[in-house]
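Content type compact mmCIF, C-alpha atoms and all ligand atoms, from the file upload.txt:
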```txt
# COMPACT_ATOMS: atom_id res chain seq x y z
CA MET E 1 61.60 -108.91 61.25
CA THR E 2 59.07 -109.61 58.58
CA ALA E 3 59.06 -108.53 54.99
CA SER E 4 56.04 -106.33 55.68
CA MET E 5 57.90 -104.50 58.45
CA ILE E 6 60.76 -103.70 56.09
CA ALA E 7 58.35 -102.56 53.43
CA GLU E 8 56.62 -100.26 55.90
CA GLY E 9 59.90 -98.71 57.05
CA ASN E 10 59.59 -100.03 60.61
CA LEU E 11 63.25 -100.88 61.07
CA GLU E 12 63.63 -98.75 64.22
CA ASP E 13 60.79 -100.60 65.79
CA THR E 14 62.28 -104.01 65.16
CA GLY E 15 65.24 -103.37 67.40
CA ASP E 16 67.30 -105.39 64.96
CA LYS E 17 70.73 -103.71 65.21
CA ARG E 18 72.17 -105.97 62.55
CA VAL E 19 70.02 -104.29 59.88
CA MET E 20 71.19 -100.82 60.89
CA SER E 21 74.79 -101.94 60.97
CA SER E 22 74.39 -103.47 57.54
CA ASN E 23 72.91 -100.16 56.26
CA ILE E 24 75.85 -98.17 57.66
CA GLN E 25 78.30 -100.56 56.00
CA SER E 26 76.48 -100.25 52.66
CA SER E 27 76.49 -96.48 52.89
CA SER E 28 80.20 -96.41 53.66
CA LEU E 29 80.90 -98.81 50.79
CA LEU E 30 78.87 -96.55 48.50
CA ASP E 31 80.90 -93.52 49.59
CA LYS E 32 84.15 -95.37 48.95
CA THR E 33 82.95 -96.48 45.53
CA ARG E 34 81.91 -92.94 44.67
CA ALA E 35 85.30 -91.59 45.80
CA ALA E 36 87.14 -94.25 43.76
CA LEU E 37 85.03 -93.49 40.68
CA LYS E 38 85.66 -89.78 41.12
CA ARG E 39 89.43 -90.39 41.32
CA TRP E 40 89.22 -92.64 38.25
CA PHE E 41 87.25 -90.08 36.22
CA THR E 42 89.50 -87.20 37.28
CA GLY E 43 92.65 -89.15 36.39
CA ASN E 44 91.22 -90.21 33.04
CA ARG E 45 89.92 -86.74 32.29
CA GLU E 46 93.43 -85.36 32.72
CA GLU E 47 94.86 -88.14 30.58
CA LEU E 48 92.19 -87.57 27.92
CA GLU E 49 92.81 -83.83 27.97
CA SER E 50 96.52 -84.39 27.53
CA LEU E 51 95.91 -86.84 24.64
CA ARG E 52 93.50 -84.34 23.04
CA ASN E 53 96.12 -81.57 23.27
CA ALA E 54 98.83 -83.82 21.80
CA ASN E 55 96.51 -84.82 18.93
CA HIS E 56 95.61 -81.17 18.25
CA SER E 57 99.25 -80.20 18.15
CA LEU E 58 100.14 -83.10 15.81
CA THR E 59 97.28 -82.14 13.47
CA GLN E 60 98.50 -78.55 13.38
CA ASP E 61 102.04 -79.70 12.56
CA PHE E 62 100.69 -82.04 9.88
CA ASP E 63 98.75 -79.20 8.24
CA ALA E 64 101.73 -76.85 8.48
CA ILE E 65 103.91 -79.45 6.71
CA ILE E 66 101.31 -79.86 3.94
CA GLU E 67 101.16 -76.09 3.47
CA ALA E 68 104.95 -75.74 3.39
CA TRP E 69 105.17 -78.57 0.86
CA ALA E 70 102.53 -76.91 -1.35
CA LEU E 71 104.19 -73.50 -1.18
CA ALA E 72 107.59 -75.02 -2.07
CA LEU E 73 105.99 -76.51 -5.18
CA GLU E 74 104.36 -73.18 -6.02
CA MET E 75 107.75 -71.43 -5.86
CA SER E 76 109.44 -74.03 -8.05
CA LYS E 77 106.64 -73.87 -10.67
CA GLN E 78 106.61 -70.07 -10.80
CA VAL E 79 102.80 -70.04 -11.03
CA GLY E 80 102.51 -66.69 -9.33
CA GLU E 81 102.71 -65.93 -5.65
CA GLY E 82 99.57 -66.49 -3.64
CA HIS E 83 97.79 -68.73 -6.17
CA ILE E 84 97.72 -71.77 -3.88
CA ARG E 85 96.49 -69.85 -0.82
CA ARG E 86 93.81 -68.01 -2.84
CA VAL E 87 92.45 -71.15 -4.49
CA THR E 88 92.52 -73.01 -1.17
CA ASP E 89 90.57 -70.27 0.64
CA MET E 90 88.00 -69.97 -2.18
CA THR E 91 87.57 -73.76 -2.42
CA VAL E 92 86.94 -74.01 1.32
CA GLU E 93 84.43 -71.13 1.16
CA MET E 94 82.63 -72.74 -1.79
CA ALA E 95 82.61 -76.16 -0.08
CA ARG E 96 80.86 -74.60 2.94
CA ARG E 97 78.34 -72.84 0.72
CA MET E 98 77.63 -76.08 -1.12
CA GLY E 99 76.88 -77.93 2.12
CA LEU E 100 80.01 -79.96 2.85
CA THR E 101 80.51 -80.57 6.56
CA GLU E 102 83.42 -79.15 8.58
CA GLY E 103 84.73 -82.72 8.98
CA HIS E 104 84.89 -83.02 5.19
CA ILE E 105 86.30 -79.51 4.75
CA VAL E 106 89.51 -80.41 6.63
CA HIS E 107 90.26 -82.81 3.75
CA VAL E 108 89.06 -80.35 1.08
CA ARG E 109 91.57 -77.80 2.38
CA ARG E 110 94.42 -80.32 2.33
CA GLY E 111 93.41 -81.49 -1.14
CA ALA E 112 93.33 -77.94 -2.50
CA LEU E 113 96.78 -77.20 -1.08
CA LEU E 114 98.15 -80.39 -2.64
CA HIS E 115 96.21 -80.19 -5.93
CA ASP E 116 99.27 -80.19 -8.22
CA ILE E 117 101.64 -82.14 -5.96
CA GLY E 118 101.87 -84.79 -8.69
CA GLU E 119 103.80 -82.25 -10.79
CA MET E 120 106.81 -83.04 -8.60
CA ASN E 121 107.22 -86.04 -10.90
CA VAL E 122 107.05 -83.95 -14.08
CA PRO E 123 110.41 -82.66 -15.40
CA ASP E 124 111.02 -78.89 -15.11
CA ALA E 125 111.78 -78.84 -18.84
CA ILE E 126 108.05 -79.49 -19.33
CA LEU E 127 106.64 -77.59 -16.36
CA LEU E 128 108.58 -74.42 -17.07
CA LYS E 129 108.50 -74.57 -20.86
CA VAL E 130 107.50 -71.23 -22.35
CA ASP E 131 106.57 -72.52 -25.81
CA SER E 132 103.62 -74.78 -26.48
CA LEU E 133 104.08 -78.35 -25.30
CA LEU E 134 104.65 -81.15 -27.80
CA PRO E 135 102.04 -83.96 -27.69
CA ALA E 136 104.47 -86.29 -25.87
CA GLU E 137 105.23 -83.58 -23.28
CA ARG E 138 101.54 -82.86 -22.81
CA ALA E 139 100.94 -86.57 -22.23
CA ILE E 140 103.54 -86.54 -19.43
CA LEU E 141 102.05 -83.41 -17.86
CA ARG E 142 98.61 -85.02 -17.91
CA LYS E 143 99.90 -87.79 -15.69
CA HIS E 144 100.24 -85.46 -12.69
CA PRO E 145 96.85 -86.36 -11.12
CA ALA E 146 97.72 -90.06 -11.29
CA TYR E 147 101.18 -89.33 -9.88
CA ALA E 148 99.54 -87.53 -6.93
CA TYR E 149 97.39 -90.59 -6.26
CA GLU E 150 100.40 -92.91 -6.44
CA MET E 151 102.44 -90.67 -4.14
CA LEU E 152 99.85 -90.04 -1.46
CA SER E 153 97.36 -92.87 -1.36
CA SER E 154 99.54 -94.92 0.99
CA ILE E 155 99.31 -92.13 3.62
CA GLU E 156 96.10 -93.03 5.41
CA SER E 157 95.42 -89.54 6.83
CA LEU E 158 95.70 -88.04 3.34
CA ARG E 159 93.53 -90.55 1.49
CA PRO E 160 90.29 -88.59 2.05
CA ALA E 161 92.07 -85.47 0.70
CA LEU E 162 92.93 -87.08 -2.64
CA ASP E 163 89.71 -86.23 -4.49
CA ILE E 164 91.10 -82.86 -5.59
CA PRO E 165 94.66 -83.88 -6.56
CA TYR E 166 93.34 -86.95 -8.40
CA CYS E 167 90.20 -85.52 -10.04
CA HIS E 168 90.71 -81.76 -10.61
CA HIS E 169 91.22 -82.22 -14.38
CA GLU E 170 88.09 -84.30 -14.92
CA ASN E 171 85.46 -82.45 -16.97
CA TRP E 172 81.71 -82.34 -16.45
CA ASP E 173 81.21 -83.67 -20.02
CA GLY E 174 83.44 -86.70 -19.39
CA LYS E 175 86.28 -85.55 -21.64
CA GLY E 176 88.80 -84.77 -18.91
CA TYR E 177 91.56 -86.91 -17.45
CA PRO E 178 92.91 -89.18 -15.98
CA ARG E 179 89.78 -91.37 -15.85
CA GLY E 180 87.23 -89.52 -17.98
CA LEU E 181 84.74 -89.28 -15.10
CA LYS E 182 81.49 -87.55 -16.02
CA GLY E 183 79.05 -85.26 -14.15
CA GLU E 184 78.47 -86.25 -10.56
CA GLU E 185 80.88 -89.18 -10.85
CA ILE E 186 83.46 -86.45 -10.22
CA PRO E 187 83.73 -85.76 -6.47
CA LEU E 188 82.07 -82.44 -5.54
CA SER E 189 85.26 -81.02 -4.02
CA ALA E 190 87.08 -81.57 -7.35
CA ARG E 191 84.19 -79.98 -9.31
CA ILE E 192 84.40 -76.95 -7.04
CA PHE E 193 88.17 -76.79 -7.26
CA ALA E 194 88.16 -76.93 -11.08
CA VAL E 195 86.10 -73.72 -11.27
CA VAL E 196 88.10 -71.91 -8.59
CA ASP E 197 91.47 -72.91 -10.06
CA THR E 198 90.51 -71.81 -13.56
CA TYR E 199 89.15 -68.48 -12.28
CA ASP E 200 92.42 -67.72 -10.50
CA ALA E 201 94.87 -69.20 -13.03
CA VAL E 202 93.61 -67.36 -16.11
CA ARG E 203 93.89 -64.03 -14.32
CA ILE E 204 97.64 -64.44 -13.78
CA ASP E 205 100.17 -63.29 -16.40
CA ARG E 206 102.06 -66.28 -17.80
CA PRO E 207 105.12 -66.30 -20.09
CA TYR E 208 102.95 -67.67 -22.93
CA ARG E 209 99.84 -65.44 -22.47
CA LYS E 210 98.62 -62.25 -20.83
CA ALA E 211 96.23 -62.40 -17.88
CA TRP E 212 92.56 -62.40 -18.85
CA SER E 213 90.33 -59.51 -17.91
CA THR E 214 87.70 -60.02 -15.24
CA GLN E 215 84.90 -59.87 -17.82
CA GLN E 216 86.65 -62.39 -20.07
CA THR E 217 86.99 -64.73 -17.08
CA TRP E 218 83.31 -64.52 -16.08
CA ASP E 219 82.24 -65.04 -19.71
CA TYR E 220 84.45 -68.13 -19.98
CA LEU E 221 83.11 -69.68 -16.78
CA ALA E 222 79.52 -69.09 -17.95
CA GLN E 223 80.27 -70.62 -21.40
CA GLN E 224 81.90 -73.68 -19.85
CA ALA E 225 79.10 -74.41 -17.34
CA GLY E 226 77.81 -77.82 -18.41
CA VAL E 227 80.90 -78.47 -20.57
CA LEU E 228 84.03 -78.35 -18.42
CA PHE E 229 82.31 -77.36 -15.19
CA ASP E 230 79.37 -78.40 -13.03
CA PRO E 231 76.67 -75.75 -13.79
CA ALA E 232 75.52 -75.74 -10.13
CA VAL E 233 79.06 -74.97 -8.97
CA VAL E 234 79.48 -72.18 -11.55
CA SER E 235 76.19 -70.68 -10.43
CA VAL E 236 77.19 -70.63 -6.72
CA PHE E 237 80.65 -69.33 -7.65
CA ILE E 238 79.18 -66.40 -9.61
CA GLU E 239 76.73 -65.66 -6.78
CA THR E 240 79.58 -65.70 -4.25
CA TYR E 241 82.35 -63.83 -6.04
CA LYS E 242 81.02 -61.85 -8.98
CA LYS E 243 79.72 -58.99 -6.86
CA SER E 244 82.92 -58.69 -4.79
FE FE V 301 96.63 -79.74 -12.21
```

Please lay out the structure from this file as structure tokens.
Ligand SMILES: [Fe+2]
Amino acid sequence: MTASMIAEGNLEDTGDKRVMSSNIQSSSLLDKTRAALKRWFTGNREELESLRNANHSLTQDFDAIIEAWALALEMSKQVGEGHIRRVTDMTVEMARRMGLTEGHIVHVRRGALLHDIGEMNVPDAILLKVDSLLPAERAILRKHPAYAYEMLSSIESLRPALDIPYCHHENWDGKGYPRGLKGEEIPLSARIFAVVDTYDAVRIDRPYRKAWSTQQTWDYLAQQAGVLFDPAVVSVFIETYKKS
């Protein structure tokens, strides 16, 4: 059999049974390979599916633990029921509106829930004090963002969520704490959270002051745009919530 005969598809005419037999063997080998690959893919698909389910369930448990931890802190601080859930929901909504991706928002949500977790290291005598704080007490309270960083930065899954607990008291004008970050040096999630947290916190009755009226709150946010708060964030916040 010549190369030209093969090229022209004249195998039948050659009478060369060995070629046909070789083709049958190849075809059977191909079928076996396909069957083995199919078994391999099916087995791995099931294994992957089971790993995916286990991962999903672990993530849900992880988030439930974070939420329980945050709510326990809220109860012990007596900041008013629902504050943490409200500020978390609003921060997530604002983060979406300001273009953060869903992958980033998972961490924004965790960060908002844990924003004041560093206060676990601040004595109750300071946290629950009704009268004005003394300068030394205020200095201890102002350490809570750094405490949050110290407590959580060794947990790898929580590291991307630390922007809010660590930076939510930084001010747009650079006069905040703990690091005096300025403008866009402050992570966007923390700039968003600062506006949301202030909006919710001032509208709650506290032992040392009455809740602010809605108008007073909007006026304050507008005055502090460009001082305490990112003006772009205040603008989106007003657009999103002032009408509702
Ligand atoms: Fe705080």

Q) So, counting all atoms listed in the file, which residue among E:Glu67, E:Asp116, E:Asp31, E:Glu74 is closest to ligand FE 301 (chain V)? A) E:Asp116

Q) Can you list, as an NGL selection string, every protein, DNA or RNA residue that comes within 10 Å of Pro178 (chain E) when you count all atoms listed in the file, leaving out same-chain residues fewer than 4 positions away? A) :E and (142-146 or 166-170)

**Q.** Best match for closeness to Val234 (chain E) among E:Tyr199, E:Arg52, E:Ile204, E:Gly118, counting all atoms listed in the file
**A.** E:Tyr199

(Q) Under the rule that all atoms listed in the file are counted, which of E:Glu81, E:Asp205, E:Asp163, E:Asp89 is the nearest residue to His104 (chain E)? (A)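 The answer is E:Asp163, which sits nearest to His104 (chain E).
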
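For the point (72.4, -77.0, -10.8) in file coordinates, the residues within 12 Å, using only C-alpha atoms, are Met98, Gly183, Glu184, Ala225, Gly226, Phe229, Asp230, Pro231, Ala232, Val233, Val234, Ser235, Val236 and Phe237 of chain E.
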
How would the residues just picked look written out with C-alpha atoms as a PDB file, in the coordinates of the input?
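selection34.pdb, written as the output of this step:
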```pdb
ATOM      1  CA  MET E  98      77.630 -76.080  -1.120  1.00  0.00           C
ATOM      2  CA  GLY E 183      79.050 -85.260 -14.150  1.00  0.00           C
ATOM      3  CA  GLU E 184      78.470 -86.250 -10.560  1.00  0.00           C
ATOM      4  CA  ALA E 225      79.100 -74.410 -17.340  1.00  0.00           C
ATOM      5  CA  GLY E 226      77.810 -77.820 -18.410  1.00  0.00           C
ATOM      6  CA  PHE E 229      82.310 -77.360 -15.190  1.00  0.00           C
ATOM      7  CA  ASP E 230      79.370 -78.400 -13.030  1.00  0.00           C
ATOM      8  CA  PRO E 231      76.670 -75.750 -13.790  1.00  0.00           C
ATOM      9  CA  ALA E 232      75.520 -75.740 -10.130  1.00  0.00           C
ATOM     10  CA  VAL E 233      79.060 -74.970  -8.970  1.00  0.00           C
ATOM     11  CA  VAL E 234      79.480 -72.180 -11.550  1.00  0.00           C
ATOM     12  CA  SER E 235      76.190 -70.680 -10.430  1.00  0.00           C
ATOM     13  CA  VAL E 236      77.190 -70.630  -6.720  1.00  0.00           C
ATOM     14  CA  PHE E 237      80.650 -69.330  -7.650  1.00  0.00           C
TER      15      PHE E 237
END
```

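The two atoms in question, CA of Ala125 (chain E) and CA of Pro165 (chain E), are spaced 21.7 Å apart.
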
**Q.** Nearest-residue call for ligand FE 301 (chain V), choices E:Ser213, E:Thr198, E:Ser132, E:Thr91, using all atoms listed in the file
**A.**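 Looking at the shortest contact to ligand FE 301 (chain V), the residue is E:Thr198.
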
Centre, edges in Å (one decimal): axis-aligned box, region 177-182 of chain E, 3 Å padding on all six sides, as AutoDock Vina command-line options:
```
--center_x 87.2 --center_y -89.1 --center_z -16.5 --size_x 17.4 --size_y 10.5 --size_z 8.9
```

Q: Rank nothing, just name the residue among E:Ser28, E:Asn171, E:Thr88, E:Gln224 nearest to Ala70 (chain E), using only C-alpha atoms.
A: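 Nearest candidate to Ala70 (chain E) out of E:Ser28, E:Asn171, E:Thr88, E:Gln224: E:Thr88.
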
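CA of Met90 (chain E) is found 9.2 Å from CA of Tyr241 (chain E).
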
Q) Separation of CA of Thr214 (chain E) and CA of Leu127 (chain E), in Å? A)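 Spanning CA of Thr214 (chain E) to CA of Leu127 (chain E) is a straight-line distance of 25.9 Å.
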
**Q.** Proximity to ligand FE 301 (chain V) - best of E:Leu158, E:Met75, E:Leu128, E:Ala190, all atoms listed in the file
**A.** E:Ala190
